[in-house]
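Asks: Pasting my_file.cif below, which is mmCIF, C-alpha atoms.
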data_start
loop_
_atom_site.label_atom_id
_atom_site.label_comp_id
_atom_site.auth_asym_id
_atom_site.auth_seq_id
_atom_site.Cartn_x
_atom_site.Cartn_y
_atom_site.Cartn_z
CA MET A 6 0.00 0.00 0.00
CA ALA A 7 1.12 3.57 -0.54
CA LYS A 8 0.89 4.26 3.16
CA THR A 9 1.82 1.73 5.83
CA MET A 10 -1.15 1.29 8.14
CA GLN A 11 -1.71 -0.67 11.28
CA PRO A 12 -4.37 -3.40 11.11
CA GLN A 13 -6.38 -1.58 13.79
CA GLU A 14 -6.61 1.44 11.46
CA LEU A 15 -8.02 -0.68 8.63
CA ILE A 16 -10.80 -2.33 10.63
CA ASP A 17 -14.26 -1.00 9.67
CA SER A 18 -12.84 1.32 6.99
CA ALA A 19 -14.88 1.67 3.82
CA VAL A 20 -13.54 -0.24 0.79
CA VAL A 21 -13.82 1.55 -2.57
CA ASP A 22 -13.20 0.04 -6.02
CA PRO A 23 -11.54 1.92 -8.95
CA THR A 24 -14.91 3.21 -10.22
CA GLY A 25 -15.80 4.77 -6.87
CA HIS A 26 -18.30 2.08 -5.79
CA LYS A 27 -18.25 1.28 -2.09
CA LEU A 28 -17.84 -2.47 -1.69
CA GLY A 29 -18.47 -2.57 2.07
CA LYS A 30 -16.40 -2.33 5.23
CA VAL A 31 -13.20 -4.09 6.29
CA GLY A 32 -14.00 -7.03 8.51
CA THR A 33 -10.70 -8.96 8.87
CA VAL A 34 -7.09 -8.06 8.09
CA TYR A 35 -4.60 -10.76 7.05
CA LEU A 36 -0.89 -10.11 7.50
CA ALA A 37 2.01 -11.33 5.36
CA ASP A 38 4.40 -13.58 7.31
CA ALA A 39 7.48 -12.05 5.71
CA THR A 40 6.65 -8.37 6.35
CA HIS A 41 3.91 -8.52 8.98
CA GLN A 42 2.10 -5.94 6.83
CA PRO A 43 -1.56 -6.15 5.72
CA GLU A 44 -1.81 -8.35 2.62
CA TRP A 45 -5.48 -9.36 2.39
CA ILE A 46 -8.68 -7.96 3.83
CA THR A 47 -12.17 -9.32 3.97
CA VAL A 48 -15.01 -7.01 2.99
CA LYS A 49 -18.30 -7.25 4.83
CA THR A 50 -21.14 -7.15 2.30
CA GLY A 51 -24.81 -8.03 2.25
CA LEU A 52 -27.47 -7.09 4.79
CA PHE A 53 -25.83 -6.08 8.07
CA GLY A 54 -22.47 -7.27 6.69
CA SER A 55 -23.51 -10.93 6.73
CA LYS A 56 -21.03 -11.96 3.98
CA GLU A 57 -17.27 -11.55 3.79
CA SER A 58 -15.19 -11.65 0.60
CA PHE A 59 -11.40 -11.63 0.34
CA VAL A 60 -9.86 -8.59 -1.39
CA PRO A 61 -6.13 -8.13 -2.14
CA LEU A 62 -4.33 -5.03 -0.86
CA SER A 63 -1.76 -5.15 -3.66
CA GLY A 64 -1.58 -1.64 -5.14
CA ALA A 65 -4.21 -0.30 -2.73
CA HIS A 66 -3.97 3.03 -0.95
CA ALA A 67 -5.74 4.63 1.99
CA ASP A 68 -7.61 7.91 1.74
CA GLN A 69 -9.96 9.90 3.94
CA ASP A 70 -13.00 8.12 2.50
CA GLY A 71 -11.57 4.62 2.95
CA VAL A 72 -9.30 2.02 1.38
CA HIS A 73 -9.09 2.21 -2.43
CA VAL A 74 -8.36 -1.19 -3.99
CA ARG A 75 -7.52 -2.09 -7.58
CA VAL A 76 -10.19 -4.74 -8.06
CA ASP A 77 -13.75 -3.93 -9.08
CA LYS A 78 -17.06 -4.82 -7.49
CA GLU A 79 -17.78 -7.69 -9.90
CA ALA A 80 -14.45 -9.39 -9.18
CA VAL A 81 -15.09 -9.20 -5.44
CA SER A 82 -18.62 -10.56 -5.83
CA ASP A 83 -17.32 -13.53 -7.86
CA ALA A 84 -14.39 -14.26 -5.54
CA PRO A 85 -14.15 -17.80 -4.10
CA ARG A 86 -16.15 -18.18 -0.90
CA ILE A 87 -13.61 -18.90 1.81
CA GLU A 88 -14.36 -18.98 5.51
CA ALA A 89 -12.79 -15.96 7.20
CA ASP A 90 -11.57 -17.96 10.19
CA GLY A 91 -8.20 -16.25 10.58
CA HIS A 92 -6.22 -18.77 8.51
CA LEU A 93 -5.62 -19.26 4.80
CA SER A 94 -4.43 -22.64 3.56
CA GLN A 95 -2.12 -22.87 0.56
CA GLU A 96 -5.00 -24.16 -1.57
CA GLU A 97 -7.28 -21.28 -0.53
CA SER A 98 -4.57 -18.72 -1.13
CA ALA A 99 -3.86 -20.17 -4.57
CA GLN A 100 -7.56 -19.89 -5.48
CA LEU A 101 -7.59 -16.21 -4.53
CA TYR A 102 -4.40 -15.37 -6.43
CA LYS A 103 -5.71 -17.15 -9.52
CA HIS A 104 -9.11 -15.45 -9.32
CA TYR A 105 -7.66 -11.94 -9.12
CA GLY A 106 -4.95 -12.65 -11.71
CA LEU A 107 -2.12 -11.98 -9.25
CA PRO A 108 1.25 -13.74 -9.45
CA MET A 109 1.81 -16.38 -6.82
CA PRO A 110 4.50 -15.38 -4.26
CA ARG A 111 7.72 -17.32 -4.03
CA THR A 112 7.73 -20.37 -1.78
CA SER A 113 10.46 -20.70 0.84
CA PRO A 114 12.31 -24.00 1.44
CA ASP A 115 10.11 -24.86 4.42
CA GLY A 116 7.02 -24.79 2.18
CA ARG A 117 5.62 -21.47 3.42
CA MET A 118 4.71 -18.54 1.23
CA ASP A 119 7.20 -15.70 1.55
CA ASP A 120 4.70 -12.89 0.98
CA ARG A 121 1.35 -14.52 1.65
CA ALA A 122 -0.99 -13.84 4.57
CA GLN A 123 -0.20 -17.38 5.66
CA GLY A 124 -1.04 -17.71 9.28
CA ARG A 125 -3.65 -15.59 11.03
CA GLY A 126 -5.95 -12.63 10.59
CA THR A 127 -6.61 -9.65 12.75
CA GLN A 128 -10.30 -9.59 13.54
CA GLY A 129 -12.68 -7.24 15.28
CA GLN A 130 -14.00 -3.73 15.05
CA GLY A 131 -12.68 -0.30 16.03
CA THR A 132 -9.34 -1.16 17.56
CA GLY A 133 -8.99 -4.60 15.96
CA ARG A 134 -9.15 -7.52 18.31
CA GLY A 135 -6.72 -10.33 17.75
CA GLY A 136 -3.30 -8.64 18.03
CA THR A 137 -0.80 -8.82 15.20
CA GLY A 138 -2.29 -11.90 13.61
CA ARG A 139 0.30 -14.48 14.74
CA GLY A 140 -1.07 -17.65 16.37
CA LYS A 141 0.61 -19.56 19.23
CA ALA A 142 0.31 -22.80 17.31
CA GLY A 143 2.75 -21.52 14.64
CA MET A 144 6.55 -21.37 14.55
CA ASP A 145 8.45 -18.72 16.47
CA ALA A 146 9.78 -16.22 13.87
CA GLY A 147 13.07 -15.70 15.70
CA THR A 148 14.09 -19.20 16.81
CA GLY A 149 12.07 -21.54 14.56
CA LYS A 150 11.12 -23.52 17.69
CA SER A 151 7.57 -24.86 17.85
CA ASP A 152 5.40 -23.83 20.81
CA GLN A 153 4.08 -27.40 20.85
CA ASP A 154 7.17 -28.40 22.85
CA THR A 155 5.73 -26.68 25.91
CA GLU A 156 1.96 -26.37 25.50
CA HIS A 157 -0.95 -27.33 23.30
CA THR A 158 -3.42 -24.59 22.47
CA MET A 159 -6.59 -24.33 20.45
CA THR A 160 -8.50 -21.21 19.55
CA ARG A 161 -12.27 -21.17 19.93
CA SER A 162 -14.19 -18.79 17.69
CA GLU A 163 -17.79 -17.71 17.51
CA GLU A 164 -19.91 -15.54 15.27
CA ARG A 165 -21.46 -12.33 16.46
CA LEU A 166 -24.27 -10.25 15.00
CA ASN A 167 -23.15 -6.84 13.80
CA VAL A 168 -26.33 -4.79 13.55
CA GLY A 169 -26.41 -1.39 11.91
CA THR A 170 -28.84 0.79 10.02
CA GLU A 171 -29.07 2.09 6.49
CA GLN A 172 -31.33 4.74 5.03
CA VAL A 173 -33.68 3.59 2.28
CA GLU A 174 -36.53 5.23 0.40
CA THR A 175 -39.97 4.18 1.64
CA GLY A 176 -42.23 6.33 -0.50
CA HIS A 177 -42.93 9.71 -2.05
CA VAL A 178 -45.35 12.46 -0.97
CA ARG A 179 -46.50 15.15 -3.39
CA LEU A 180 -48.30 18.41 -2.62
CA ARG A 181 -50.46 19.79 -5.42
CA LYS A 182 -53.46 22.11 -5.79
CA TYR A 183 -56.45 21.80 -8.10
CA VAL A 184 -59.44 23.98 -8.99
CA VAL A 185 -63.04 23.22 -7.97
CA THR A 186 -66.18 25.27 -8.77
CA GLU A 187 -68.85 25.79 -6.14
CA GLU A 188 -72.08 27.78 -5.97
CA GLN A 189 -72.19 30.63 -3.46
CA GLN A 190 -75.23 32.69 -2.42
CA VAL A 191 -74.75 36.13 -0.93
CA THR A 192 -77.63 38.36 0.31
CA VAL A 193 -77.16 42.04 -0.46
CA PRO A 194 -79.67 44.83 0.38
CA VAL A 195 -80.87 46.90 -2.62
CA SER A 196 -83.15 49.91 -2.70
CA HIS A 197 -85.52 51.41 -5.28
CA GLU A 198 -87.76 54.44 -5.61
CA GLU A 199 -91.54 54.31 -5.68
CA VAL A 200 -94.12 57.06 -6.44
CA ARG A 201 -96.40 58.20 -3.67
CA VAL A 202 -99.09 60.82 -4.11
CA GLU A 203 -99.39 63.36 -1.33
CA ARG A 204 -102.41 65.66 -1.19
CA GLU A 205 -103.02 68.85 0.77
CA PRO A 206 -106.07 71.06 0.78
CA ILE A 207 -105.96 74.61 -0.69
CA THR A 208 -107.83 77.31 1.13
CA GLY A 209 -109.54 80.24 -0.59
CA ALA A 210 -106.96 82.77 0.55
CA SER A 211 -103.93 80.76 -0.65
CA GLY A 212 -105.32 79.20 -3.75
CA GLY A 213 -105.58 82.20 -6.00
CA LYS A 214 -107.41 82.04 -9.25
CA ALA A 215 -107.65 78.56 -10.79
CA GLU A 216 -108.34 77.45 -14.35
CA ILE A 217 -109.60 74.20 -15.68
CA ALA A 218 -106.94 72.57 -17.94
CA GLU A 219 -105.00 69.37 -18.58
CA ASP A 220 -101.47 68.98 -17.17
CA GLU A 221 -98.81 66.27 -16.90
CA GLN A 222 -95.75 65.78 -14.63
CA GLU A 223 -92.98 63.15 -15.13
CA VAL A 224 -90.88 61.72 -12.29
CA VAL A 225 -87.80 59.53 -12.89
CA LEU A 226 -87.65 56.48 -10.61
CA HIS A 227 -84.30 54.87 -9.55
CA ALA A 228 -83.48 51.39 -8.23
CA GLU A 229 -80.32 49.55 -7.15
CA LYS A 230 -79.40 46.20 -8.62
CA PRO A 231 -76.73 43.69 -7.53
CA VAL A 232 -73.43 43.85 -9.41
CA VAL A 233 -71.20 40.75 -9.17
CA SER A 234 -67.44 40.82 -9.75
CA LYS A 235 -64.69 38.33 -8.78
CA GLU A 236 -61.15 38.75 -7.52
CA THR A 237 -58.49 36.21 -6.62
CA VAL A 238 -56.94 36.49 -3.16
CA ALA A 239 -54.46 34.28 -1.28
CA VAL A 240 -56.15 32.58 1.67
CA GLU A 241 -53.77 29.84 2.86
CA ARG A 242 -50.21 28.53 2.51
CA ALA A 243 -49.17 24.84 2.80
CA ARG A 244 -45.71 23.31 2.94
CA LEU A 245 -44.28 19.79 3.19
CA LYS A 246 -41.78 19.03 5.95
CA THR A 247 -40.15 15.78 7.01
CA GLU A 248 -39.45 14.78 10.56
CA THR A 249 -37.45 11.86 11.94
CA VAL A 250 -39.26 9.42 14.21
CA THR A 251 -37.16 6.88 16.10
CA GLU A 252 -38.60 3.53 16.99
CA ASP A 253 -37.16 0.27 18.27
CA GLN A 254 -37.11 -2.77 16.01
CA THR A 255 -35.91 -6.23 16.98
CA VAL A 256 -33.76 -8.15 14.51
CA SER A 257 -32.64 -11.74 14.85
CA GLY A 258 -30.16 -13.98 13.11
CA LYS A 259 -28.48 -17.33 13.56
CA VAL A 260 -24.84 -17.36 14.65
CA ARG A 261 -22.45 -20.25 15.05
CA LYS A 262 -19.91 -20.80 17.77
CA GLU A 263 -17.34 -23.44 18.57
CA GLN A 264 -17.24 -25.50 21.76
CA PHE A 265 -14.36 -27.40 23.29
CA GLU A 266 -14.73 -31.12 23.96
CA VAL A 267 -12.18 -33.17 25.83
CA THR A 268 -12.11 -36.97 25.41
CA ASP A 269 -9.99 -39.29 27.56
CA ASP A 270 -8.77 -42.82 26.79
CA GLU A 271 -11.94 -44.30 28.28
CA GLY A 272 -14.09 -42.47 25.78
CA LYS A 273 -15.57 -40.10 28.33
CA HIS A 274 -16.53 -36.69 26.93
CA ARG A 275 -16.46 -33.41 28.76
CA LYS A 276 -17.56 -30.16 27.12
CA SER A 277 -16.09 -26.84 28.02
#
Can I see the file as structure tokens?

Replies:
Amino acid sequence: MAKTMQPQELIDSAVVDPTGHKLGKVGTVYLADATHQPEWITVKTGLFGSKESFVPLSGAHADQDGVHVRVDKEAVSDAPRIEADGHLSQEESAQLYKHYGLPMPRTSPDGRMDDRAQGRGTQGQGTGRGGTGRGKAGMDAGTGKSDQDTEHTMTRSEERLNVGTEQVETGHVRLRKYVVTEEQQVTVPVSHEEVRVEREPITGASGGKAEIAEDEQEVVLHAEKPVVSKETVAVERARLKTETVTEDQTVSGKVRKEQFEVTDDEGKHRKS
């Protein structure tokens, strides 16, 4: 890699292919025996990271947004399914090298790969449980002396559920307005003029001299009538807002774990 990183710094980092697609997160880091540097990683894919695929770190580099590898999403999806149990056999390693088109590392006289992540992986999240990835059952790098001369050890592993959340679209909401026509009745007072005849008597002193003749008077009558006009006014404003509601959901999944069983010469079994 362009920058030497500790396995703990790789754990849970995003893995990005050359086209910018995020493949998942780093689940396990495998170290090369010769350099003790990260050589392989497993990428957690699927729902809640339920699957792990091996990805080579050859030519990869680390950036702020994650680990950029040189293999694409399709190659990782089609990679051989190998159990990420902290150990790669020679056959499993050969399958991975062949699948990704990588040259096989040189083999040392004792039959071990010089540059392969031969022995153990560094597993965990955050700080990276599992140490440097060297198992007690292997050979001591400095002396070549087997630990089996003094003790016999076996590692017990178990699966754990890693539960997270992801944001998905659940639907769309649209706000629109439409026009409807309705009948309205409004009562408005109107007035009009009417003719009324008023009479008053004329006395002899005030009447003066009268003549008999025809006469005609014309009076113009007025009336109000309703006049209807329309205007458009704003009466209400509506807006769409989203709010986050948190609720608890229970998820379940099956996990496997290993158990120790001790058997003596008499065939008696004792689980631990």

Asks: Counting all atoms listed in the file, which of A:Arg179, A:Ala228, A:Gln69, A:Gln189 gets nearest to Arg244 of chain A?

Replies: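 Looking only at the distances to Arg244 of chain A, the closest residue turns out to be A:Arg179.
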
Asks: Output the residue selection produced by the PyMOL selection byres ((chain A and resi 73) around 8) on the file above, formatted as a ChimeraX atom specification.

Replies: /A:20-23,65-68,71-72,74-75

Asks: What's the 7 Å shell around Leu62 of chain A, counting all atoms listed in the file, without same-chain residues fewer than 2 positions away, as a ChimeraX atom specification?

Replies: /A:6,44-45,60,64-65,74

Asks: With all atoms listed in the file as the atoms that count, which of A:Lys27, A:Val256, A:Thr192, A:Gln264 lies nearest to Val232 of chain A?

Replies: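 The closest residue to Val232 of chain A is A:Thr192.
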
Asks: Name the closest residue to Val224 of chain A among the candidates A:Arg201, A:Lys49, A:His92, A:His41; distances are taken between atoms, counting only C-alpha atoms.

Replies: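 Once distances to Val224 of chain A are computed over only C-alpha atoms, the minimum belongs to A:Arg201.
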
Asks: Counting all atoms listed in the file, which residue out of A:Val48, A:Met109, A:Ala37, A:Val168 sits closest to Gln254 of chain A?

Replies: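 Closest candidate: A:Val168.
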
Asks: Report the distance between atom CA of Val76 of chain A and atom CA of Glu97 of chain A in Å, rounded to one decimal place.

Replies: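 Separating atom CA of Val76 of chain A from atom CA of Glu97 of chain A is a distance of 18.4 Å.
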
Asks: Please report the interatomic distance between atom CA of Arg261 of chain A and atom CA of Glu164 of chain A in Å with one decimal.

Replies: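 Atom-to-atom, atom CA of Arg261 of chain A to atom CA of Glu164 of chain A, that is 5.4 Å.
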
Asks: Report, in Å with one decimal, the straight-line distance from atom CA of Thr186 of chain A to atom CA of Glu229 of chain A.

Replies: 28.1 Å

Asks: Restricting the calculation to all atoms listed in the file: of A:Asp38, A:Glu163, A:Glu14, A:Glu171, which residue gets closest to Glu263 of chain A?

Replies: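 Using all atoms listed in the file, the shortest distance to Glu263 of chain A belongs to A:Glu163.
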
Asks: Return the single residue from A:Ala218, A:Glu198, A:Glu241, A:Lys230 that is closest to Lys182 of chain A, with distances computed using all atoms listed in the file.

Replies: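 Going through A:Ala218, A:Glu198, A:Glu241, A:Lys230 one by one, the smallest distance to Lys182 of chain A is for A:Glu241.
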
Asks: Edge lengths and centre in Å to one decimal, as AutoDock Vina command-line options, of the axis-aligned box that encloses all listed atoms of segment 89-94 of chain A with 5 Å added on every side?

Replies:
--center_x -8.6 --center_y -19.3 --center_z 7.1 --size_x 18.4 --size_y 16.7 --size_z 17.0
